[in-house]
file my_file_33.cif (mmCIF, C-alpha atoms, pLDDT in the B column; chains and numbers go by the auth columns)
data_data
loop_
_atom_site.group_PDB
_atom_site.id
_atom_site.type_symbol
_atom_site.label_atom_id
_atom_site.label_comp_id
_atom_site.label_asym_id
_atom_site.label_seq_id
_atom_site.Cartn_x
_atom_site.Cartn_y
_atom_site.Cartn_z
_atom_site.B_iso_or_equiv
_atom_site.auth_seq_id
_atom_site.auth_asym_id
ATOM 1 C CA MET A 1 62.159 -39.687 -153.928 38.00 17 A
ATOM 2 C CA ALA A 2 63.473 -40.180 -150.411 47.00 18 A
ATOM 3 C CA LEU A 3 65.544 -43.262 -149.657 48.00 19 A
ATOM 4 C CA ALA A 4 63.081 -44.413 -147.003 44.00 20 A
ATOM 5 C CA ALA A 5 60.149 -43.989 -149.389 46.00 21 A
ATOM 6 C CA ALA A 6 61.992 -45.777 -152.193 43.00 22 A
ATOM 7 C CA ARG A 7 62.352 -48.889 -150.088 61.00 23 A
ATOM 8 C CA GLY A 8 58.975 -48.672 -148.384 83.00 24 A
ATOM 9 C CA LYS A 9 60.363 -47.815 -144.965 89.00 25 A
ATOM 10 C CA LEU A 10 58.794 -45.404 -142.497 91.00 26 A
ATOM 11 C CA ILE A 11 60.262 -42.545 -140.526 94.00 27 A
ATOM 12 C CA ALA A 12 59.614 -42.842 -136.782 96.00 28 A
ATOM 13 C CA VAL A 13 59.575 -39.816 -134.478 97.00 29 A
ATOM 14 C CA ILE A 14 60.197 -39.595 -130.742 98.00 30 A
ATOM 15 C CA GLY A 15 59.864 -36.078 -129.449 97.00 31 A
ATOM 16 C CA ASP A 16 57.879 -33.318 -127.883 96.00 32 A
ATOM 17 C CA GLU A 17 54.324 -32.579 -128.955 95.00 33 A
ATOM 18 C CA ASP A 18 55.261 -29.817 -131.405 95.00 34 A
ATOM 19 C CA THR A 19 57.837 -31.999 -133.152 95.00 35 A
ATOM 20 C CA CYS A 20 55.492 -34.976 -133.473 95.00 36 A
ATOM 21 C CA ILE A 21 52.551 -32.874 -134.638 94.00 37 A
ATOM 22 C CA GLY A 22 54.736 -31.203 -137.267 94.00 38 A
ATOM 23 C CA PHE A 23 55.908 -34.503 -138.701 93.00 39 A
ATOM 24 C CA VAL A 24 52.457 -36.104 -138.512 93.00 40 A
ATOM 25 C CA LEU A 25 50.926 -33.127 -140.340 93.00 41 A
ATOM 26 C CA GLY A 26 53.713 -33.519 -142.887 92.00 42 A
ATOM 27 C CA GLY A 27 52.512 -37.061 -143.604 91.00 43 A
ATOM 28 C CA VAL A 28 54.904 -39.119 -141.485 89.00 44 A
ATOM 29 C CA GLY A 29 52.309 -40.604 -139.086 89.00 45 A
ATOM 30 C CA GLU A 30 51.365 -44.239 -139.705 86.00 46 A
ATOM 31 C CA MET A 31 49.849 -47.183 -137.868 83.00 47 A
ATOM 32 C CA ASN A 32 51.052 -50.695 -138.661 79.00 48 A
ATOM 33 C CA LYS A 33 48.830 -53.754 -138.878 81.00 49 A
ATOM 34 C CA ASN A 34 49.120 -54.195 -135.103 82.00 50 A
ATOM 35 C CA ARG A 35 47.874 -50.617 -134.601 86.00 51 A
ATOM 36 C CA ASN A 36 51.282 -49.432 -133.373 87.00 52 A
ATOM 37 C CA ALA A 37 52.084 -45.832 -134.284 90.00 53 A
ATOM 38 C CA ASN A 38 55.454 -44.742 -135.632 95.00 54 A
ATOM 39 C CA PHE A 39 55.607 -41.696 -133.365 95.00 55 A
ATOM 40 C CA MET A 40 55.757 -41.063 -129.640 96.00 56 A
ATOM 41 C CA VAL A 41 54.949 -37.804 -127.908 96.00 57 A
ATOM 42 C CA VAL A 42 57.213 -37.268 -124.899 96.00 58 A
ATOM 43 C CA ASP A 43 56.029 -34.932 -122.150 95.00 59 A
ATOM 44 C CA LYS A 44 56.918 -34.316 -118.515 95.00 60 A
ATOM 45 C CA ASN A 45 54.893 -37.366 -117.445 96.00 61 A
ATOM 46 C CA THR A 46 56.629 -39.802 -119.821 97.00 62 A
ATOM 47 C CA SER A 47 59.018 -42.151 -118.028 97.00 63 A
ATOM 48 C CA ILE A 48 62.501 -42.938 -119.286 97.00 64 A
ATOM 49 C CA GLY A 49 61.442 -46.595 -119.359 97.00 65 A
ATOM 50 C CA GLU A 50 58.615 -45.795 -121.778 97.00 66 A
ATOM 51 C CA ILE A 51 60.998 -43.890 -124.048 97.00 67 A
ATOM 52 C CA GLU A 52 63.519 -46.754 -123.996 98.00 68 A
ATOM 53 C CA GLU A 53 60.813 -49.314 -124.691 97.00 69 A
ATOM 54 C CA THR A 54 59.460 -47.329 -127.648 97.00 70 A
ATOM 55 C CA PHE A 55 62.945 -46.700 -129.074 97.00 71 A
ATOM 56 C CA ARG A 56 63.816 -50.406 -128.799 97.00 72 A
ATOM 57 C CA SER A 57 60.506 -51.376 -130.419 96.00 73 A
ATOM 58 C CA TYR A 58 61.285 -49.045 -133.360 96.00 74 A
ATOM 59 C CA LEU A 59 64.717 -50.673 -133.722 96.00 75 A
ATOM 60 C CA LYS A 60 63.045 -54.086 -134.031 94.00 76 A
ATOM 61 C CA ARG A 61 60.403 -53.044 -136.570 92.00 77 A
ATOM 62 C CA ASP A 62 61.336 -53.945 -140.137 90.00 78 A
ATOM 63 C CA ASP A 63 59.081 -51.208 -141.546 91.00 79 A
ATOM 64 C CA ILE A 64 61.108 -48.346 -139.978 94.00 80 A
ATOM 65 C CA GLY A 65 64.165 -46.997 -141.795 94.00 81 A
ATOM 66 C CA ILE A 66 64.861 -43.785 -139.874 95.00 82 A
ATOM 67 C CA ILE A 67 64.247 -42.778 -136.265 97.00 83 A
ATOM 68 C CA LEU A 68 64.137 -39.044 -135.582 97.00 84 A
ATOM 69 C CA ILE A 69 64.518 -38.174 -131.914 96.00 85 A
ATOM 70 C CA ASN A 70 64.686 -34.812 -130.172 96.00 86 A
ATOM 71 C CA GLN A 71 68.193 -34.427 -128.837 93.00 87 A
ATOM 72 C CA ASN A 72 67.002 -33.594 -125.333 94.00 88 A
ATOM 73 C CA VAL A 73 65.002 -36.853 -125.335 96.00 89 A
ATOM 74 C CA ALA A 74 67.985 -38.750 -126.764 95.00 90 A
ATOM 75 C CA GLU A 75 70.047 -37.556 -123.798 94.00 91 A
ATOM 76 C CA MET A 76 67.638 -39.418 -121.490 95.00 92 A
ATOM 77 C CA ILE A 77 68.315 -42.744 -123.225 96.00 93 A
ATOM 78 C CA ARG A 78 71.882 -42.100 -124.440 93.00 94 A
ATOM 79 C CA HIS A 79 73.093 -45.558 -123.346 94.00 95 A
ATOM 80 C CA VAL A 80 70.473 -47.240 -125.545 95.00 96 A
ATOM 81 C CA ILE A 81 71.221 -45.033 -128.556 93.00 97 A
ATOM 82 C CA ASP A 82 74.967 -45.581 -128.168 90.00 98 A
ATOM 83 C CA SER A 83 74.477 -49.352 -128.196 92.00 99 A
ATOM 84 C CA HIS A 84 72.701 -49.237 -131.586 91.00 100 A
ATOM 85 C CA ASP A 85 75.322 -49.901 -134.254 87.00 101 A
ATOM 86 C CA LEU A 86 73.336 -50.996 -137.295 90.00 102 A
ATOM 87 C CA PRO A 87 72.922 -48.688 -140.292 88.00 103 A
ATOM 88 C CA ILE A 88 69.158 -49.263 -140.486 91.00 104 A
ATOM 89 C CA PRO A 89 67.232 -47.887 -138.865 94.00 105 A
ATOM 90 C CA SER A 90 69.337 -44.756 -138.898 93.00 106 A
ATOM 91 C CA VAL A 91 69.013 -42.597 -135.796 94.00 107 A
ATOM 92 C CA LEU A 92 69.049 -38.836 -136.267 93.00 108 A
ATOM 93 C CA GLU A 93 68.989 -36.409 -133.373 92.00 109 A
ATOM 94 C CA ILE A 94 67.067 -33.231 -134.098 93.00 110 A
ATOM 95 C CA PRO A 95 66.474 -30.015 -132.161 91.00 111 A
ATOM 96 C CA SER A 96 63.224 -29.202 -130.425 89.00 112 A
ATOM 97 C CA LYS A 97 61.530 -25.865 -130.063 86.00 113 A
ATOM 98 C CA ASP A 98 62.886 -25.487 -126.523 86.00 114 A
ATOM 99 C CA SER A 99 66.311 -27.126 -126.970 79.00 115 A
ATOM 100 C CA PRO A 100 68.710 -26.166 -129.755 77.00 116 A
ATOM 101 C CA TYR A 101 70.833 -28.833 -131.425 79.00 117 A
ATOM 102 C CA ASP A 102 74.255 -29.368 -129.838 75.00 118 A
ATOM 103 C CA PRO A 103 76.618 -31.336 -132.125 74.00 119 A
ATOM 104 C CA SER A 104 78.895 -32.205 -129.191 74.00 120 A
ATOM 105 C CA LYS A 105 76.105 -34.319 -127.634 76.00 121 A
ATOM 106 C CA ASP A 106 75.228 -36.230 -130.826 74.00 122 A
ATOM 107 C CA SER A 107 76.816 -39.671 -130.453 74.00 123 A
ATOM 108 C CA ILE A 108 76.039 -40.630 -134.052 70.00 124 A
ATOM 109 C CA LEU A 109 77.831 -37.524 -135.340 71.00 125 A
ATOM 110 C CA ARG A 110 80.795 -38.234 -133.036 68.00 126 A
ATOM 111 C CA ARG A 111 80.933 -41.794 -134.372 65.00 127 A
ATOM 112 C CA ALA A 112 80.854 -40.542 -137.978 67.00 128 A
ATOM 113 C CA LYS A 113 83.638 -38.017 -137.291 63.00 129 A
ATOM 114 C CA GLY A 114 85.718 -40.833 -135.833 62.00 130 A
ATOM 115 C CA MET A 115 85.642 -42.607 -139.198 63.00 131 A
ATOM 116 C CA PHE A 116 87.659 -39.843 -140.852 63.00 132 A
ATOM 117 C CA ALA A 117 91.068 -38.374 -140.154 58.00 133 A
ATOM 118 C CA ALA A 118 91.333 -34.655 -139.351 55.00 134 A
ATOM 119 C CA GLU A 119 93.157 -34.029 -142.632 59.00 135 A
ATOM 120 C CA ASP A 120 90.113 -35.316 -144.551 52.00 136 A
ATOM 121 C CA PHE A 121 88.293 -32.130 -143.538 51.00 137 A
ATOM 122 C CA ARG A 122 90.899 -29.658 -144.825 55.00 138 A
#

call {"tool": "encode", "arguments": {"input": "my_file_33.cif", "output": "structure tokens"}}
result
Amino acid sequence: MALAAARGKLIAVIGDEDTCIGFVLGGVGEMNKNRNANFMVVDKNTSIGEIEETFRSYLKRDDIGIILINQNVAEMIRHVIDSHDLPIPSVLEIPSKDSPYDPSKDSILRRAKGMFAAEDFR
């Protein structure tokens, strides 16, 4: 059983259409009692302000335990992601069909690496 499922928390998704459809078809899509979805499809017409607003709203929701975000979308709101320092919801950057994952751009991964000394990895 997944950690999020064990505690009754949802996984939120912010990404391109293919990413969101894949996760929704996999059973991730939900609507809360206020009819707010836990996913956001980002396309060329989506403003950075809308992405920031959705990301911040997911951070405030107590029913969300993990936020998955396409890395190319995360780059658009990097300052907001970097300011999030709580363990829950966890923020995971994932690749999209058109943009491969680049570990050097993942601020969460950089933060995690900073917690360990180089000799810990030998």

call {"tool": "closest_residue", "arguments": {"input": "my_file_33.cif", "among": "A:Val107, A:Lys60, A:Asp114, A:Glu69", "to": "Ile82 of chain A", "atoms": "all atoms listed in the file"}}
result
A:Val107

call {"tool": "residues_around", "arguments": {"input": "my_file_33.cif", "residues": "Asp118 of chain A", "least_positions_apart": "4", "cutoff": "9 Å", "atoms": "only C-alpha atoms", "output": "compact mmCIF listing (two decimals) with C-alpha atoms, in the coordinates of the input"}}
result
# COMPACT_ATOMS: atom_id res chain seq x y z
CA GLN A 87 68.19 -34.43 -128.84
CA PRO A 111 66.47 -30.02 -132.16
CA ASP A 122 75.23 -36.23 -130.83

call {"tool": "resolve_selection", "arguments": {"input": "my_file_33.cif", "expression": "the PyMOL selection byres ((chain A and resi 96) around 12)", "output": "ChimeraX atom specification"}}
result
/A:64-65,67-73,75,89-95,97-101,107,123

call {"tool": "atom_distance", "arguments": {"input": "my_file_33.cif", "atom1": "atom CA of Tyr117 of chain A", "atom2": "atom CA of Ile27 of chain A"}}
result
19.6 Å

call {"tool": "atom_distance", "arguments": {"input": "my_file_33.cif", "atom1": "atom CA of Ile30 of chain A", "atom2": "atom CA of Glu66 of chain A"}}
result
11.0 Å

call {"tool": "resolve_selection", "arguments": {"input": "my_file_33.cif", "expression": "the PyMOL selection byres ((chain A and resi 78) around 10)", "output": "PyMOL selection string"}}
result
chain A and resi 25-26+74-77+79-81+104-105

call {"tool": "resolve_selection", "arguments": {"input": "my_file_33.cif", "expression": "the PyMOL selection byres ((chain A and resi 85) around 6)", "output": "MDAnalysis selection string"}}
result
chainID A and resid 29:31 84 86 109:110

call {"tool": "atom_distance", "arguments": {"input": "my_file_33.cif", "atom1": "atom CA of Lys121 of chain A", "atom2": "atom CA of Phe39 of chain A"}}
result
23.0 Å

call {"tool": "build_atoms", "arguments": {"input": "my_file_33.cif", "residues": "segment 91-102 of chain A", "atoms": "all heavy atoms", "output": "compact mmCIF listing (two decimals), in the frame of the given file"}}
result
# COMPACT_ATOMS: atom_id res chain seq x y z
N GLU A 91 69.16 -37.62 -124.97
CA GLU A 91 70.05 -37.56 -123.80
C GLU A 91 69.54 -38.44 -122.66
O GLU A 91 70.32 -38.97 -121.89
CB GLU A 91 70.18 -36.11 -123.30
CG GLU A 91 71.13 -35.27 -124.12
CD GLU A 91 72.56 -35.77 -124.04
OE1 GLU A 91 73.09 -35.92 -122.93
OE2 GLU A 91 73.13 -36.04 -125.11
N MET A 92 68.22 -38.61 -122.56
CA MET A 92 67.64 -39.42 -121.49
C MET A 92 67.92 -40.90 -121.68
O MET A 92 67.95 -41.65 -120.71
CB MET A 92 66.13 -39.20 -121.43
CG MET A 92 65.70 -37.82 -121.04
SD MET A 92 63.89 -37.79 -120.93
CE MET A 92 63.55 -36.19 -121.62
N ILE A 93 68.10 -41.32 -122.94
CA ILE A 93 68.32 -42.74 -123.22
C ILE A 93 69.63 -42.93 -124.00
O ILE A 93 69.75 -43.82 -124.83
CB ILE A 93 67.13 -43.36 -124.00
CG1 ILE A 93 66.91 -42.66 -125.34
CG2 ILE A 93 65.87 -43.33 -123.15
CD1 ILE A 93 66.00 -43.45 -126.29
N ARG A 94 70.61 -42.09 -123.70
CA ARG A 94 71.88 -42.10 -124.44
C ARG A 94 72.51 -43.49 -124.49
O ARG A 94 73.02 -43.92 -125.52
CB ARG A 94 72.85 -41.08 -123.80
CG ARG A 94 74.21 -41.00 -124.44
CD ARG A 94 74.21 -40.54 -125.87
NE ARG A 94 73.63 -39.22 -126.00
CZ ARG A 94 73.09 -38.77 -127.13
NH1 ARG A 94 73.06 -39.52 -128.20
NH2 ARG A 94 72.55 -37.58 -127.19
N HIS A 95 72.48 -44.23 -123.38
CA HIS A 95 73.09 -45.56 -123.35
C HIS A 95 72.46 -46.51 -124.35
O HIS A 95 73.14 -47.35 -124.93
CB HIS A 95 73.05 -46.14 -121.93
CG HIS A 95 71.66 -46.35 -121.42
ND1 HIS A 95 70.85 -45.30 -120.99
CD2 HIS A 95 70.92 -47.46 -121.28
CE1 HIS A 95 69.68 -45.79 -120.61
NE2 HIS A 95 69.70 -47.10 -120.77
N VAL A 96 71.17 -46.37 -124.58
CA VAL A 96 70.47 -47.24 -125.54
C VAL A 96 70.85 -46.82 -126.97
O VAL A 96 71.13 -47.67 -127.82
CB VAL A 96 68.94 -47.17 -125.35
CG1 VAL A 96 68.23 -48.07 -126.34
CG2 VAL A 96 68.57 -47.55 -123.93
N ILE A 97 70.87 -45.53 -127.23
CA ILE A 97 71.22 -45.03 -128.56
C ILE A 97 72.66 -45.41 -128.89
O ILE A 97 72.96 -45.85 -130.00
CB ILE A 97 71.00 -43.51 -128.65
CG1 ILE A 97 69.50 -43.21 -128.58
CG2 ILE A 97 71.62 -42.93 -129.92
CD1 ILE A 97 69.14 -41.76 -128.49
N ASP A 98 73.56 -45.26 -127.93
CA ASP A 98 74.97 -45.58 -128.17
C ASP A 98 75.18 -47.07 -128.46
O ASP A 98 76.15 -47.43 -129.14
CB ASP A 98 75.83 -45.16 -126.98
CG ASP A 98 76.00 -43.65 -126.90
OD1 ASP A 98 75.66 -42.95 -127.87
OD2 ASP A 98 76.49 -43.17 -125.85
N SER A 99 74.32 -47.91 -127.96
CA SER A 99 74.48 -49.35 -128.20
C SER A 99 73.95 -49.78 -129.58
O SER A 99 74.25 -50.88 -130.02
CB SER A 99 73.78 -50.15 -127.09
OG SER A 99 72.37 -50.00 -127.19
N HIS A 100 73.22 -48.92 -130.24
CA HIS A 100 72.70 -49.24 -131.59
C HIS A 100 73.81 -49.00 -132.60
O HIS A 100 74.29 -47.89 -132.75
CB HIS A 100 71.48 -48.37 -131.90
CG HIS A 100 70.96 -48.54 -133.30
ND1 HIS A 100 70.49 -49.75 -133.77
CD2 HIS A 100 70.87 -47.68 -134.33
CE1 HIS A 100 70.12 -49.60 -135.03
NE2 HIS A 100 70.36 -48.36 -135.39
N ASP A 101 74.22 -50.05 -133.31
CA ASP A 101 75.32 -49.90 -134.25
C ASP A 101 74.99 -50.37 -135.67
O ASP A 101 75.88 -50.49 -136.51
CB ASP A 101 76.56 -50.62 -133.73
CG ASP A 101 76.33 -52.10 -133.49
OD1 ASP A 101 75.21 -52.58 -133.71
OD2 ASP A 101 77.29 -52.77 -133.07
N LEU A 102 73.74 -50.60 -135.95
CA LEU A 102 73.34 -51.00 -137.29
C LEU A 102 73.01 -49.76 -138.13
O LEU A 102 72.57 -48.74 -137.60
CB LEU A 102 72.11 -51.91 -137.23
CG LEU A 102 72.30 -53.23 -136.47
CD1 LEU A 102 70.98 -53.97 -136.35
CD2 LEU A 102 73.36 -54.08 -137.15
